[in-house]
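What follows is a single structure, written as structure tokens, with notes after it.
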Amino acid sequence: MVHLAAIPHDDDVNDKLVKAVKKVHLQLANDEDNFTTSVYGSRFAAADLPRHEMPECEMPKEVAYRMIKDELSMDNNPMLNLASFVTTYMEEEAEKLMAESFSKNFIDYEEYPQSADIQNRCVSMIARLFNAPVPENAEAAGAIGTSCVGSSEAIMLAVLAMKKRWKNKRIAEGKSTDHPNIVMSAAVQVCWEKAARYFEIEEKLVYCTEERFVIDPQETVDLVDENTIGICAILGTTYTGEYEDVKAVNDLLIEKGLDTPIHVDAASGGFVAPFVVPDLEWDFRLERVISINVSGHKYGLVYPGVGWVVWRSAEYLPKELVFNINYLGADQASFTLNFSKGASQVIGQYYQLIRLGKHGYRAIMSNLTRTADYLSDSLEALGFIIMSKKSGEGLPLVAFRLAPCASGEERNYDEFALAHQLRVRGWVVPAYTMAPNTKNLKMLRVVVREDFTRNRCDGLITDIKSCQALLEEMDRESIKKQQEFIHKYHTASGKSSHNHPKYRKEKHSLQGKTGKTHAAC
């Protein structure tokens with residue numbers, strides 16, 4: 001039979017001794033706030049995250065993870081960030097390999113010899129991709145290279161090598177070494193200005209014009225003198241993606257009997273041009289090209305940050321810049337600006353090189369080129385002026401600007417207003433003021449990356465049309481107020497607090513002097 005149960009009286013349930021003990025423990029639990037419910041049931045969910053000082057006590061790992069994850073959710077969607085060349089997609093297998101190598105200190109060759117060997121394999125593959133001379137035998141000196149933390153470090157190393165080599169030659173000739181200079185475009189990425197400033201090298205700039213956004217080869221060579229350590233040529237400028245004519249510069253140097261070295265900044269184009277326009281001569285096929293850098297984390301298709309620099313041969317890397325060290329039991333030659341770094345990005349690069357092969361890279365870069373051409377044609381049909389090249393003559397990006405009003409009147413909005421309006425839709429499409437001597441020409445730029453599909457491209461075109469239509473209906477004062485609101489509340493720069501007041505509005509860089517915008521990479 002079923003047992004009948006009586007309902008006990010409250011006094012029987014709430015034993016006074018048990019109740020007193022429970023009360024003590026409950027008070028302790030409240031004070032300690034044991035993590036027993038959910039992240040959002042803890043006291044941490046109702047408090048600010050620590051910002052300026054380490055907290056006194058720890059927090060549960062689940063809470064720390066969720067609180068930080070929630071904070072990061074306020075970042076923009078990387079796939080909608082069309083300002084950056086930096087890779088935003090890798091396969092899960094690549095991510096897994098990289099995650100498994102987080103704890104490896106790449107510099108420790110003795111402990112992680114396979115990671116070091118993988119770097120060497122990558123250097124060899126990239127050097128051969130750039131047509132570096134192959135030594136006739138194992139004893140002969142061939143091309144040499146190394147991995148870096150992005151192209152910025154690679155460029156710093158290349159500039160150091162060029163300066164040291166120039167200085168050694170001047171000393172041997174009994175000449176002054178006081179005034180080294182480097183010839184480069186005024187449209188260079190800011191890391192070139194940094195290299196010149198940090199290493200005390202005069203910048204000789206080749207300025208753009210309203211019609212020409214890259215260097216003029218003749219003007220470039222004409223700036224060369226006995227104090228020139230080298231020439232920078234860019235394979236894919238950050239503004240319009242156009243390839244500078246490295247061959248023309250090389251041929252003019254030979255014609256004039258000048259042995260001035262060329263360094264090619266192939267940060268973006270180094271993993272594009274070999275697959276889309278393989279017959280284009282820009283690399284070690286040209287005898288004056290002595291070093292090349294490329295970013296693995298751009299069209300090399302690896303998460304940031306990894307870069308590569310390759311020299312034609314060891315003679316272009318002065319030995320006094322290379323340190324032979326014995327670290328943790330292994331002799332090694334080192335030429336870096338830093339020491340310790342993780343092995344993950346190098347391993348990610350190797351994965352992509354062997355996973356995709358030349359055919360895979362060619363397929364991806366071809367798709368990107370087709371998408372860029374489609375976007376370019378679509379924007380041109382909408383009335384924009386296209387500033388970038390098509391059909392593989394430059395990077396897979398589209399640089400464009402508003403056409404003058406047919407009536408001759410001034411438009412109520414500019415490229416920056418359109419960029420701000422697109423930000424409301426989630427798109428990060430940057431607006432720039434072009435390089436100096438272009439009469440403050442304004443432009444917008446869309447970088448076509450691997451994960452920017454035709455479908456997503458159509459979405460962008462639709463939003464550009466709708467944003468432009470909205471701006472056309474607004475008066476100038478309304479646009480100004482809306483732009484100020486969007487800048488203040490929708491953009492990170494409008495809310496930024498990390499820029500120290502002492503360093504704001506500097507006047508020593510090209511941006512500070514001329515008002516040009518340093519294009520994002």
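So you can find residues: chains in the structure tokens are A, B, ... in the order shown, residues in each start at 1, and ligands are numbered from 1 in order.
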
Check your understanding: Which residues, written as a ChimeraX atom specification, have at least one atom at most 10 Å from Ala116 of chain A, with only C-alpha atoms counted and residues fewer than 3 positions away on the same chain left out?
Key -> /A:106-113,119-121,343,346-347

Practice item. Write out as JSON, numbers by chain all residues of segment 127-274 of chain A that backbone DSSP assigns to alpha helix (DSSP H). Key: {"A": [127, 128, 129, 150, 151, 152, 153, 154, 155, 156, 157, 158, 159, 160, 161, 162, 163, 164, 165, 166, 167, 168, 169, 170, 171, 172, 190, 191, 192, 193, 194, 195, 196, 197, 198, 217, 218, 219, 220, 221, 222, 246, 247, 248, 249, 250, 251, 252, 253, 254, 255, 273, 274]}

Env of segment 299-301 of chain A: 8 Å cut, atoms = only C-alpha atoms, seq-sep filter 4 positions within chain, self excluded. Answer as an mmCIF file with N, CA, C and O atoms, in the first residue's frame.
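What ended up in selection-v1.cif:
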```cif
data_model
loop_
_atom_site.group_PDB
_atom_site.id
_atom_site.type_symbol
_atom_site.label_atom_id
_atom_site.label_comp_id
_atom_site.auth_asym_id
_atom_site.auth_seq_id
_atom_site.Cartn_x
_atom_site.Cartn_y
_atom_site.Cartn_z
ATOM 1 N N PHE A 85 43.769 45.188 -44.241
ATOM 2 C CA PHE A 85 44.252 44.088 -45.066
ATOM 3 C C PHE A 85 44.419 42.804 -44.248
ATOM 4 O O PHE A 85 44.652 41.734 -44.798
ATOM 5 N N VAL A 86 44.348 42.921 -42.943
ATOM 6 C CA VAL A 86 44.727 41.826 -42.053
ATOM 7 C C VAL A 86 43.715 40.685 -42.094
ATOM 8 O O VAL A 86 42.501 40.898 -42.066
ATOM 9 N N THR A 87 44.229 39.463 -42.148
ATOM 10 C CA THR A 87 43.419 38.255 -42.280
ATOM 11 C C THR A 87 42.415 38.106 -41.136
ATOM 12 O O THR A 87 42.765 38.249 -39.965
ATOM 13 N N TYR A 89 40.043 35.345 -41.408
ATOM 14 C CA TYR A 89 39.513 33.982 -41.491
ATOM 15 C C TYR A 89 40.642 32.987 -41.711
ATOM 16 O O TYR A 89 41.515 33.186 -42.552
ATOM 17 N N MET A 90 40.620 31.932 -40.922
ATOM 18 C CA MET A 90 41.481 30.778 -41.147
ATOM 19 C C MET A 90 40.671 29.518 -40.847
ATOM 20 O O MET A 90 39.709 29.560 -40.074
ATOM 21 N N SER A 268 51.650 43.937 -48.914
ATOM 22 C CA SER A 268 50.345 43.456 -49.357
ATOM 23 C C SER A 268 50.417 42.690 -50.668
ATOM 24 O O SER A 268 49.718 41.697 -50.862
ATOM 25 N N GLY A 269 51.254 43.142 -51.597
ATOM 26 C CA GLY A 269 51.257 42.551 -52.927
ATOM 27 C C GLY A 269 52.092 41.303 -53.099
ATOM 28 O O GLY A 269 51.964 40.594 -54.101
ATOM 29 N N GLY A 270 52.940 40.999 -52.109
ATOM 30 C CA GLY A 270 53.864 39.879 -52.257
ATOM 31 C C GLY A 270 53.201 38.518 -52.382
ATOM 32 O O GLY A 270 53.764 37.591 -52.972
ATOM 33 N N PHE A 271 51.992 38.381 -51.804
ATOM 34 C CA PHE A 271 51.249 37.125 -51.926
ATOM 35 C C PHE A 271 50.098 37.237 -52.936
ATOM 36 O O PHE A 271 49.251 36.347 -53.004
ATOM 37 N N VAL A 272 50.062 38.341 -53.705
ATOM 38 C CA VAL A 272 49.027 38.528 -54.720
ATOM 39 C C VAL A 272 49.623 38.483 -56.120
ATOM 40 O O VAL A 272 49.238 37.651 -56.958
ATOM 41 N N SER A 295 53.941 40.680 -45.738
ATOM 42 C CA SER A 295 53.171 40.401 -44.521
ATOM 43 C C SER A 295 52.441 39.078 -44.668
ATOM 44 O O SER A 295 51.558 38.952 -45.520
ATOM 45 N N GLN A 349 51.514 30.105 -40.925
ATOM 46 C CA GLN A 349 51.958 30.400 -42.288
ATOM 47 C C GLN A 349 52.333 29.127 -43.039
ATOM 48 O O GLN A 349 51.966 28.953 -44.208
ATOM 49 N N GLN A 352 49.266 27.278 -44.200
ATOM 50 C CA GLN A 352 48.643 27.852 -45.394
ATOM 51 C C GLN A 352 49.454 27.549 -46.656
ATOM 52 O O GLN A 352 48.885 27.242 -47.709
ATOM 53 N N ARG A 449 39.053 41.058 -48.946
ATOM 54 C CA ARG A 449 39.783 39.968 -48.312
ATOM 55 C C ARG A 449 39.129 38.635 -48.645
ATOM 56 O O ARG A 449 38.069 38.577 -49.266
ATOM 57 N N GLU A 450 39.734 37.568 -48.162
ATOM 58 C CA GLU A 450 39.274 36.221 -48.493
ATOM 59 C C GLU A 450 37.816 35.985 -48.117
ATOM 60 O O GLU A 450 37.079 35.310 -48.840
#
```

Check your understanding: Within 12 Å of Leu286 of chain A, counting only C-alpha atoms, which residues qualify if same-chain residues fewer than 3 places away don't, as a count of residues only?
Key -> 27

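Nearest-residue note for Thr438 of chain A: choosing from A:Ser185, A:Cys148, A:Cys208, A:Glu53, the minimum distance belongs to A:Cys208, counting only C-alpha atoms.
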
Check your understanding: Which residues come within 12 Å of Arg401 of chain A, counting only C-alpha atoms, excluding same-chain residues fewer than 3 positions away, as a VMD selection string?
Key -> chain A and resid 239 to 240 376 379 to 380 382 to 388 398 404 413 to 416 418 to 419 430 to 434 441 to 446

Exercise for review: Could you jot down the atom CA of Asp458 of chain A to atom CA of Met474 of chain A separation for me, Å, one decimal place?
Suggested key: 24.9 Å

Study note, to complete from the structure: Residue with the minimum atom-to-atom distance to Ile354 of chain A, picked from A:Asn367, A:Ala399, A:Ile126, A:Ser378 with only C-alpha atoms counted, is A:Ile126

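For Ala161 of chain A, the set of protein, DNA and RNA residues having any atom at most 10 Å away, when counting only C-alpha atoms and skipping those fewer than 3 positions along the same chain, is Ile155, Met156, Leu157, Ala158, Lys164, Arg165, Trp166, Lys167, Ile229, Ser291, Trp311, Tyr316, Leu317, Pro318, Lys319, Glu320 and Leu321 of chain A.
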
Check your understanding: What does the distance from atom CA of Leu397 of chain A to atom CA of Ala94 of chain A come to in Å, to one decimal?
Key ->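 According to the coordinates, atom CA of Leu397 of chain A and atom CA of Ala94 of chain A are separated by 25.6 Å.
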
Exercise for review: Please return as a count of residues only: the residues of segment 216-299 of chain A that backbone DSSP assigns to strand (DSSP E).
Suggested key: 18

Exercise for review: Considering only C-alpha atoms, return as a PyMOL selection string whatever protein or nucleic-acid residues lie within 9 Å of segment 219-224 of chain A, sequence-local ones (same chain, fewer than 6 positions apart) excluded.
Suggested key: chain A and resi 181-185+204-206+230-231+249+252-253+256+258+260
